[in-house]
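File shown: my_file_15.tsv (TSV, C-alpha atoms).
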```tsv
chain	number	residue	atom	x	y	z
A	10	MET	CA	-1.41	29.25	-4.80
A	11	THR	CA	-4.87	28.73	-3.28
A	12	PRO	CA	-5.10	25.29	-1.65
A	13	PRO	CA	-7.42	22.77	-3.31
A	14	ASP	CA	-11.07	22.72	-2.30
A	15	ILE	CA	-10.89	19.79	0.11
A	16	PRO	CA	-14.31	18.75	1.45
A	17	PRO	CA	-15.01	18.97	5.21
A	18	ALA	CA	-14.81	15.20	5.68
A	19	SER	CA	-11.11	15.36	4.81
A	20	ARG	CA	-10.27	18.23	7.14
A	21	ASP	CA	-9.78	15.98	10.16
A	22	THR	CA	-6.35	15.60	11.70
A	23	PRO	CA	-6.93	12.19	13.30
A	24	TYR	CA	-3.44	11.84	14.78
A	25	ALA	CA	-3.40	15.16	16.63
A	26	GLY	CA	-3.81	13.39	19.97
A	27	LEU	CA	-1.35	10.56	19.26
A	28	LYS	CA	1.40	11.84	21.56
A	29	PRO	CA	4.47	9.78	22.52
A	30	GLU	CA	2.98	9.05	25.93
A	31	VAL	CA	-0.16	7.66	24.26
A	32	VAL	CA	1.95	5.32	22.12
A	33	LEU	CA	3.93	4.10	25.14
A	34	ASP	CA	0.83	3.71	27.32
A	35	ALA	CA	-0.92	1.77	24.55
A	36	LEU	CA	2.00	-0.66	24.31
A	37	ASP	CA	2.14	-0.94	28.09
A	38	GLY	CA	-1.52	-1.94	27.96
A	39	VAL	CA	-0.60	-5.05	25.95
A	40	GLY	CA	2.35	-5.95	28.14
A	41	LEU	CA	5.08	-4.29	26.06
A	42	ARG	CA	6.76	-1.75	28.30
A	43	GLY	CA	8.92	0.76	26.48
A	44	ASP	CA	12.17	2.10	27.90
A	45	GLY	CA	11.30	5.61	26.71
A	46	ARG	CA	13.11	5.50	23.36
A	47	MET	CA	10.99	5.67	20.25
A	48	LEU	CA	11.33	6.83	16.67
A	49	GLN	CA	8.55	7.76	14.26
A	50	LEU	CA	9.10	5.97	10.97
A	51	ASN	CA	8.32	7.21	7.49
A	52	SER	CA	4.63	6.58	6.89
A	53	TYR	CA	1.85	8.85	5.66
A	54	GLU	CA	-1.33	6.79	5.66
A	55	ASN	CA	-0.80	5.40	9.14
A	56	ARG	CA	1.48	6.39	11.99
A	57	VAL	CA	4.30	3.92	12.60
A	58	PHE	CA	6.77	3.96	15.49
A	59	GLN	CA	9.87	1.98	16.34
A	60	VAL	CA	9.86	1.45	20.09
A	61	PHE	CA	12.61	0.05	22.30
A	62	LEU	CA	11.33	-2.17	25.11
A	63	GLU	CA	12.71	-2.59	28.60
A	64	ASP	CA	13.45	-6.27	27.92
A	65	GLY	CA	15.79	-5.35	25.04
A	66	ARG	CA	13.47	-6.13	22.16
A	67	VAL	CA	12.62	-3.56	19.51
A	68	VAL	CA	9.13	-3.48	18.02
A	69	VAL	CA	7.31	-1.59	15.31
A	70	THR	CA	3.79	-0.49	16.16
A	71	LYS	CA	1.36	0.74	13.53
A	72	PHE	CA	-1.55	2.98	14.45
A	73	TYR	CA	-4.16	2.68	11.70
A	74	ARG	CA	-5.72	5.77	10.19
A	75	PRO	CA	-9.17	6.10	11.76
A	76	GLY	CA	-12.02	5.39	9.38
A	77	ARG	CA	-9.95	3.91	6.57
A	78	TRP	CA	-10.42	0.20	7.20
A	79	SER	CA	-13.01	-1.73	9.18
A	80	ASP	CA	-11.87	-4.10	11.90
A	81	GLU	CA	-12.76	-6.98	9.58
A	82	GLN	CA	-10.53	-5.62	6.81
A	83	ILE	CA	-7.57	-5.12	9.14
A	84	LEU	CA	-7.96	-8.55	10.71
A	85	GLU	CA	-8.21	-10.15	7.28
A	86	GLU	CA	-4.87	-8.53	6.40
A	87	HIS	CA	-3.42	-9.95	9.63
A	88	GLU	CA	-4.83	-13.42	8.90
A	89	PHE	CA	-3.33	-13.39	5.41
A	90	THR	CA	0.07	-12.32	6.77
A	91	ALA	CA	-0.05	-15.04	9.43
A	92	GLU	CA	-0.97	-17.61	6.77
A	93	LEU	CA	2.04	-16.56	4.70
A	94	ALA	CA	4.35	-16.72	7.73
A	95	ALA	CA	3.05	-20.19	8.59
A	96	ASP	CA	4.21	-21.30	5.12
A	97	GLU	CA	7.66	-19.84	5.88
A	98	ILE	CA	7.25	-17.01	3.41
A	99	PRO	CA	9.33	-14.08	4.71
A	100	VAL	CA	6.75	-11.51	5.79
A	101	VAL	CA	6.59	-9.49	8.99
A	102	ALA	CA	3.48	-10.75	10.76
A	103	PRO	CA	1.75	-8.93	13.65
A	104	TRP	CA	2.11	-10.34	17.13
A	105	VAL	CA	-0.68	-11.89	19.11
A	106	LEU	CA	-1.47	-9.42	21.89
A	107	SER	CA	-2.58	-9.85	25.47
A	108	ARG	CA	-4.39	-7.27	27.56
A	109	VAL	CA	-2.97	-5.90	30.79
A	110	ASP	CA	-5.72	-4.55	33.03
A	111	GLY	CA	-4.96	-1.59	35.19
A	112	SER	CA	-2.48	0.03	32.79
A	113	ALA	CA	-2.71	3.71	31.91
A	114	LEU	CA	-4.63	2.74	28.77
A	115	THR	CA	-6.49	-0.56	28.90
A	116	PRO	CA	-6.96	-1.78	25.33
A	117	ALA	CA	-9.79	-3.70	23.75
A	118	LEU	CA	-8.46	-6.67	21.78
A	119	ARG	CA	-9.89	-7.93	18.51
A	120	GLY	CA	-9.33	-10.95	16.36
A	121	GLU	CA	-8.93	-14.64	17.05
A	122	PRO	CA	-6.14	-14.81	18.03
A	123	PRO	CA	-6.09	-11.11	18.95
A	124	THR	CA	-3.67	-9.12	16.79
A	125	LEU	CA	-5.52	-5.79	16.79
A	126	ALA	CA	-5.91	-3.54	19.82
A	127	GLU	CA	-7.80	-0.31	20.36
A	128	VAL	CA	-7.25	2.30	23.01
A	129	VAL	CA	-9.64	5.15	23.71
A	130	THR	CA	-8.29	8.52	24.81
A	131	ARG	CA	-9.82	11.95	25.27
A	132	SER	CA	-8.69	12.85	21.78
A	133	GLY	CA	-10.13	9.77	20.07
A	134	ALA	CA	-9.83	6.04	19.57
A	135	TYR	CA	-6.70	4.49	18.07
A	136	ARG	CA	-6.37	0.97	16.68
A	137	PHE	CA	-2.89	-0.50	16.54
A	138	ALA	CA	-0.88	-3.64	15.84
A	139	VAL	CA	2.64	-4.63	16.88
A	140	ALA	CA	5.31	-6.52	14.95
A	141	PRO	CA	9.00	-7.25	15.48
A	142	ARG	CA	11.46	-4.88	13.88
A	143	ARG	CA	13.04	-6.34	10.76
A	144	ALA	CA	15.92	-4.44	9.22
A	145	GLY	CA	17.05	-4.63	5.62
A	146	ARG	CA	18.26	-2.69	2.63
A	147	ALA	CA	16.86	-2.01	-0.81
A	148	PRO	CA	17.30	-4.97	-3.19
A	149	GLU	CA	19.51	-4.58	-6.26
A	150	LEU	CA	16.87	-4.96	-8.92
A	151	ASP	CA	19.39	-4.71	-11.75
A	152	VAL	CA	20.81	-8.11	-10.71
A	153	PRO	CA	18.85	-10.95	-12.40
A	154	ALA	CA	19.55	-13.40	-9.56
A	155	THR	CA	18.03	-10.96	-7.08
A	156	LEU	CA	14.88	-10.61	-9.18
A	157	GLU	CA	14.60	-14.38	-9.54
A	158	TRP	CA	14.84	-14.73	-5.75
A	159	ILE	CA	12.12	-12.11	-5.23
A	160	GLY	CA	10.03	-13.75	-7.95
A	161	ARG	CA	10.21	-17.11	-6.17
A	162	PHE	CA	8.88	-15.59	-2.97
A	163	ILE	CA	6.11	-13.71	-4.78
A	164	GLY	CA	5.18	-16.97	-6.50
A	165	ARG	CA	5.00	-18.69	-3.11
A	166	MET	CA	2.96	-15.78	-1.73
A	167	HIS	CA	0.50	-16.07	-4.61
A	168	ALA	CA	0.24	-19.84	-4.21
A	169	VAL	CA	-1.02	-19.15	-0.69
A	170	GLY	CA	-3.11	-16.21	-1.88
A	171	SER	CA	-4.92	-18.42	-4.40
A	172	ARG	CA	-6.16	-20.88	-1.76
A	173	LYS	CA	-9.21	-18.86	-0.78
A	174	PRO	CA	-10.63	-15.39	-1.44
A	175	PHE	CA	-10.71	-12.28	0.70
A	176	ARG	CA	-14.14	-11.56	2.14
A	177	PHE	CA	-13.67	-7.97	3.25
A	178	ARG	CA	-10.65	-6.46	1.49
A	179	ARG	CA	-11.08	-4.36	-1.65
A	180	ALA	CA	-10.85	-5.71	-5.20
A	181	LEU	CA	-8.71	-3.91	-7.78
A	182	SER	CA	-10.91	-2.46	-10.51
A	183	VAL	CA	-10.90	0.34	-13.06
A	184	ALA	CA	-14.19	1.56	-11.58
A	185	GLU	CA	-12.88	2.11	-8.04
A	186	PHE	CA	-9.20	2.87	-8.57
A	187	GLY	CA	-9.65	4.78	-11.82
A	188	TRP	CA	-13.01	6.37	-12.60
A	189	ALA	CA	-14.04	6.96	-8.98
A	190	ALA	CA	-10.67	8.57	-8.20
A	191	ARG	CA	-10.91	10.74	-11.36
A	192	ASP	CA	-14.45	11.78	-10.46
A	193	TRP	CA	-13.49	12.72	-6.89
A	194	ILE	CA	-10.65	14.93	-8.11
A	195	ARG	CA	-12.91	16.61	-10.66
A	196	GLU	CA	-15.89	17.08	-8.36
A	197	HIS	CA	-13.79	18.69	-5.64
A	198	ARG	CA	-11.94	21.00	-8.07
A	199	ILE	CA	-8.54	19.74	-6.99
A	200	VAL	CA	-6.62	20.53	-10.19
A	201	PRO	CA	-5.53	24.17	-10.68
A	202	PRO	CA	-7.64	25.78	-13.45
A	203	ASP	CA	-4.75	26.22	-15.87
A	204	ALA	CA	-3.93	22.50	-15.72
A	205	ALA	CA	-7.42	21.02	-15.35
A	206	ALA	CA	-8.43	20.54	-18.98
A	207	PRO	CA	-5.22	18.74	-20.12
A	208	TRP	CA	-5.26	16.49	-17.06
A	209	GLU	CA	-8.94	15.60	-17.49
A	210	ARG	CA	-8.47	14.78	-21.17
A	211	ALA	CA	-5.44	12.58	-20.43
A	212	ALA	CA	-7.19	10.81	-17.55
A	213	GLU	CA	-10.35	10.22	-19.61
A	214	HIS	CA	-8.38	8.75	-22.54
A	215	ALA	CA	-6.08	6.61	-20.37
A	216	LEU	CA	-8.86	5.19	-18.22
A	217	ALA	CA	-11.01	4.36	-21.26
A	218	LEU	CA	-8.10	2.43	-22.78
A	219	ALA	CA	-7.40	0.74	-19.44
A	220	GLU	CA	-11.01	-0.39	-19.23
A	221	GLN	CA	-10.85	-1.77	-22.77
A	222	ALA	CA	-7.61	-3.63	-21.96
A	223	PHE	CA	-9.20	-5.37	-18.99
A	224	GLU	CA	-12.17	-6.34	-21.15
A	225	ARG	CA	-9.90	-7.75	-23.88
A	226	ALA	CA	-7.82	-9.70	-21.37
A	227	GLY	CA	-10.95	-11.52	-20.26
A	228	PRO	CA	-11.56	-13.16	-16.88
A	229	VAL	CA	-8.00	-13.43	-15.54
A	230	ARG	CA	-7.60	-15.12	-12.18
A	231	GLN	CA	-8.24	-12.94	-9.14
A	232	ILE	CA	-6.26	-13.84	-6.02
A	233	ARG	CA	-5.21	-12.36	-2.68
A	234	LEU	CA	-2.24	-10.03	-3.23
A	235	HIS	CA	0.28	-7.94	-1.34
A	236	GLY	CA	-1.21	-5.11	-3.39
A	237	ASP	CA	1.62	-2.56	-3.04
A	238	CYS	CA	4.68	-4.63	-3.90
A	239	HIS	CA	7.16	-1.90	-4.84
A	240	VAL	CA	10.85	-1.80	-4.00
A	241	GLY	CA	10.25	0.13	-0.76
A	242	ASN	CA	8.21	-2.77	0.62
A	243	VAL	CA	10.85	-5.41	-0.14
A	244	LEU	CA	13.77	-5.42	2.29
A	245	TRP	CA	16.93	-7.36	1.50
A	246	THR	CA	19.30	-9.14	3.87
A	247	ASP	CA	22.03	-11.73	3.41
A	248	ALA	CA	19.28	-14.34	3.88
A	249	GLY	CA	17.27	-12.88	0.99
A	250	PRO	CA	14.16	-10.71	0.73
A	251	HIS	CA	11.34	-10.18	3.14
A	252	PHE	CA	8.10	-8.35	2.53
A	253	VAL	CA	6.63	-5.64	4.70
A	254	ASP	CA	3.47	-3.51	4.83
A	255	LEU	CA	0.48	-5.50	3.61
A	256	ASP	CA	-1.75	-2.56	4.52
A	257	ASP	CA	-2.99	-2.40	0.91
A	258	ALA	CA	-3.60	-6.14	0.51
A	259	LEU	CA	-6.41	-6.69	-1.97
A	260	THR	CA	-7.89	-9.00	-4.57
A	261	GLY	CA	-6.59	-8.65	-8.10
A	262	PRO	CA	-4.51	-10.15	-10.93
A	263	ALA	CA	-1.08	-11.57	-10.08
A	264	VAL	CA	0.77	-9.04	-12.26
A	265	GLN	CA	-0.16	-6.28	-9.80
A	266	ASP	CA	2.53	-7.63	-7.44
A	267	LEU	CA	5.13	-7.81	-10.22
A	268	TRP	CA	5.02	-4.74	-12.45
A	269	MET	CA	6.09	-2.17	-9.84
A	270	LEU	CA	9.45	-3.94	-9.50
A	271	LEU	CA	10.29	-3.23	-13.16
A	272	SER	CA	12.05	-0.11	-14.43
A	273	GLY	CA	14.38	1.25	-17.09
A	274	ASP	CA	14.24	1.21	-20.87
A	275	SER	CA	12.38	-1.45	-22.82
A	276	ALA	CA	15.40	-3.80	-23.02
A	277	ALA	CA	16.07	-3.60	-19.28
A	278	TYR	CA	12.35	-3.93	-18.59
A	279	ARG	CA	12.09	-7.16	-20.59
A	280	GLN	CA	15.20	-8.60	-18.97
A	281	GLN	CA	13.91	-7.82	-15.48
A	282	LEU	CA	10.50	-9.29	-16.27
A	283	ARG	CA	12.12	-12.49	-17.57
A	284	ALA	CA	14.14	-12.89	-14.37
A	285	LEU	CA	11.17	-12.16	-12.15
A	286	LEU	CA	8.92	-14.66	-13.96
A	287	THR	CA	11.64	-17.32	-14.00
A	288	GLY	CA	11.57	-17.32	-10.22
A	289	TYR	CA	7.81	-16.84	-9.99
A	290	GLU	CA	6.88	-19.76	-12.22
A	291	ALA	CA	8.92	-22.17	-10.11
A	292	PHE	CA	6.00	-22.00	-7.65
A	293	MET	CA	3.02	-20.46	-9.45
A	294	ASP	CA	1.76	-20.50	-13.04
A	295	PHE	CA	1.55	-17.12	-14.68
A	296	ASP	CA	-1.10	-16.20	-17.26
A	297	ASP	CA	0.69	-14.26	-20.02
A	298	ARG	CA	-2.53	-12.39	-20.81
A	299	GLU	CA	-1.87	-10.38	-17.65
A	300	LEU	CA	1.15	-8.72	-19.27
A	301	THR	CA	-1.29	-6.60	-21.27
A	302	LEU	CA	-2.57	-5.19	-17.94
A	303	ILE	CA	0.72	-3.59	-16.88
A	304	GLU	CA	0.04	-0.22	-18.51
A	305	PRO	CA	-3.62	-0.18	-17.41
A	306	LEU	CA	-2.49	-0.91	-13.84
A	307	ARG	CA	0.11	1.86	-14.06
A	308	THR	CA	-2.67	4.20	-15.21
A	309	LEU	CA	-4.84	3.28	-12.22
A	310	ARG	CA	-1.95	3.85	-9.83
A	311	ILE	CA	-1.21	7.31	-11.25
A	312	VAL	CA	-4.81	8.50	-10.96
A	313	HIS	CA	-5.48	6.82	-7.62
A	314	HIS	CA	-2.30	8.25	-6.09
A	315	SER	CA	-3.34	11.81	-6.98
A	316	ALA	CA	-6.77	11.25	-5.42
A	317	TRP	CA	-5.14	9.78	-2.31
A	318	LEU	CA	-2.97	12.89	-1.87
A	319	ALA	CA	-6.00	15.14	-2.30
A	320	LYS	CA	-8.11	13.26	0.23
A	321	ARG	CA	-5.33	13.44	2.82
A	322	TRP	CA	-4.26	17.02	2.17
A	323	ASN	CA	-5.41	18.38	5.52
A	324	ASP	CA	-3.33	15.87	7.42
A	325	PRO	CA	-0.34	18.08	8.32
A	326	ALA	CA	2.10	15.37	7.19
A	327	PHE	CA	0.99	15.70	3.57
A	328	PRO	CA	1.67	19.38	2.74
A	329	ALA	CA	5.05	19.01	4.44
A	330	ALA	CA	5.97	15.94	2.38
A	331	PHE	CA	4.31	16.89	-0.93
A	332	PRO	CA	4.51	20.71	-1.17
A	333	TRP	CA	4.34	20.59	-4.97
A	334	PHE	CA	0.92	18.93	-5.04
A	335	THR	CA	-1.06	22.15	-5.45
A	336	ASP	CA	1.17	23.47	-8.24
A	337	ALA	CA	0.01	23.35	-11.84
A	338	ALA	CA	3.37	21.80	-12.74
A	339	TYR	CA	2.52	18.63	-10.81
A	340	TRP	CA	-0.74	18.15	-12.70
A	341	GLN	CA	0.92	18.90	-16.01
A	342	GLN	CA	3.45	16.20	-15.22
A	343	GLN	CA	0.64	13.77	-14.29
A	344	ALA	CA	-1.08	14.51	-17.59
A	345	GLN	CA	2.18	13.76	-19.42
A	346	LEU	CA	2.57	10.44	-17.54
A	347	LEU	CA	-0.99	9.47	-18.48
A	348	GLN	CA	-0.34	10.40	-22.12
A	349	GLU	CA	2.70	8.11	-22.07
A	350	CYS	CA	0.50	5.32	-20.72
A	351	VAL	CA	-1.94	6.00	-23.57
A	352	ALA	CA	0.86	5.71	-26.14
A	353	ARG	CA	2.07	2.42	-24.71
A	354	MET	CA	-1.46	0.97	-24.51
A	355	GLN	CA	-2.11	1.98	-28.12
A	356	ASP	CA	1.17	0.37	-29.21
A	357	GLY	CA	0.07	-2.86	-27.56
```
Go through the file and emit its structure as structure tokens.
Amino acid sequence: MTPPDIPPASRDTPYAGLKPEVVLDALDGVGLRGDGRMLQLNSYENRVFQVFLEDGRVVVTKFYRPGRWSDEQILEEHEFTAELAADEIPVVAPWVLSRVDGSALTPALRGEPPTLAEVVTRSGAYRFAVAPRRAGRAPELDVPATLEWIGRFIGRMHAVGSRKPFRFRRALSVAEFGWAARDWIREHRIVPPDAAAPWERAAEHALALAEQAFERAGPVRQIRLHGDCHVGNVLWTDAGPHFVDLDDALTGPAVQDLWMLLSGDSAAYRQQLRALLTGYEAFMDFDDRELTLIEPLRTLRIVHHSAWLAKRWNDPAFPAAFPWFTDAAYWQQQAQLLQECVARMQDG
């Protein structure tokens, strides 16, 4: 199979120079000396490492993908996370960093207080943040009490998120996450020819219905959100849930942080939603009009995810993790998923 026609701007491999010694030297430059043990964690958009320090602590350091976010957008994510932590909402907030002059890599610090650092090497500049390691397991989402507990914390998160708006983070819209993603895929001839027409028809129909659904719902409240609140970003311990990875924090309707936690047949789906909202509404009112946005939001995620894979295809991590992406079968499956979204949106 011929690889998709990825434009030159996406052919960069920005992490090629991010060697283990660079990671350790960067941490040393903010006073966190590693003992030599480190583990690369599962992450595609950024590069994330678990590092053991000489003083016995274990940290997680995230190196942000160059060019994806501005400093202002990253720092706004950090500020939101710190605001949540200050209200005792269980999130993993980045540490305040301090510069150590004379280290192998002397970082520039950004933010007030500084939570973002940048080191410059011969292979490029790398921005990073550091947080404590927080272990946990996947929550049991088929247990109503677990969903209520998660719902309470999301409600508390949204109560904080509603206090003020983001200034720099993205806003969730059909235009950006739907039509723009569809257009990018089409313009760069990503879909194999034998699957292109069915996928384009399904995407066109689904996005048109999604746009109409947002218009019918009217001006629902837009607040600061986690943005990517799926089961992989909720870790469970005996003390309850905690939330990780606010890298996709954005402005949007509250239901965006709820619908990805739902699964199963329609009966199970309704039961899970009831449990989640029971906990949620103990701390935050929920506008029932937003329930009509679940299928439109699912549509946006399907299309946007395909565009994300295409734009990152020349990062070596992506072909290794998603080898089926260039196959016609993948795009046929995506067309089927979009057709299912169409059917559910038409059924109301």
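Distances to Gly145 in chain A were evaluated for A:Trp268, A:Phe252, A:Phe331, A:Tyr24 using all atoms listed in the file, and the minimum falls at A:Phe252.
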Problem set entry | Contacts of Val57 in chain A within 7 Å, all atoms listed in the file, excl. fewer than 6 positions in-chain, as JSON, numbers by chain | {"A": [49, 50, 69, 70, 71, 72]}
Problem set entry | Between CA of Gly76 in chain A and CA of Ile311 in chain A - distance in Å to one decimal |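 Taking CA of Ile311 in chain A as the start and CA of Gly76 in chain A as the end point, the length is 23.4 Å.
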For this session: Go through A:Leu150, A:Val139, A:Val67, A:Ala102 and flag the residue nearest Pro250 in chain A, using all atoms listed in the file for the distances.
Result: A:Leu150
For this session: Name the residues in contact with Arg131 in chain A at a cut-off of 12 Å, using all atoms listed in the file, excluding same-chain residues fewer than 3 positions from it; report them as a ChimeraX atom specification.
Result: /A:25-28,31,114,128,134-135
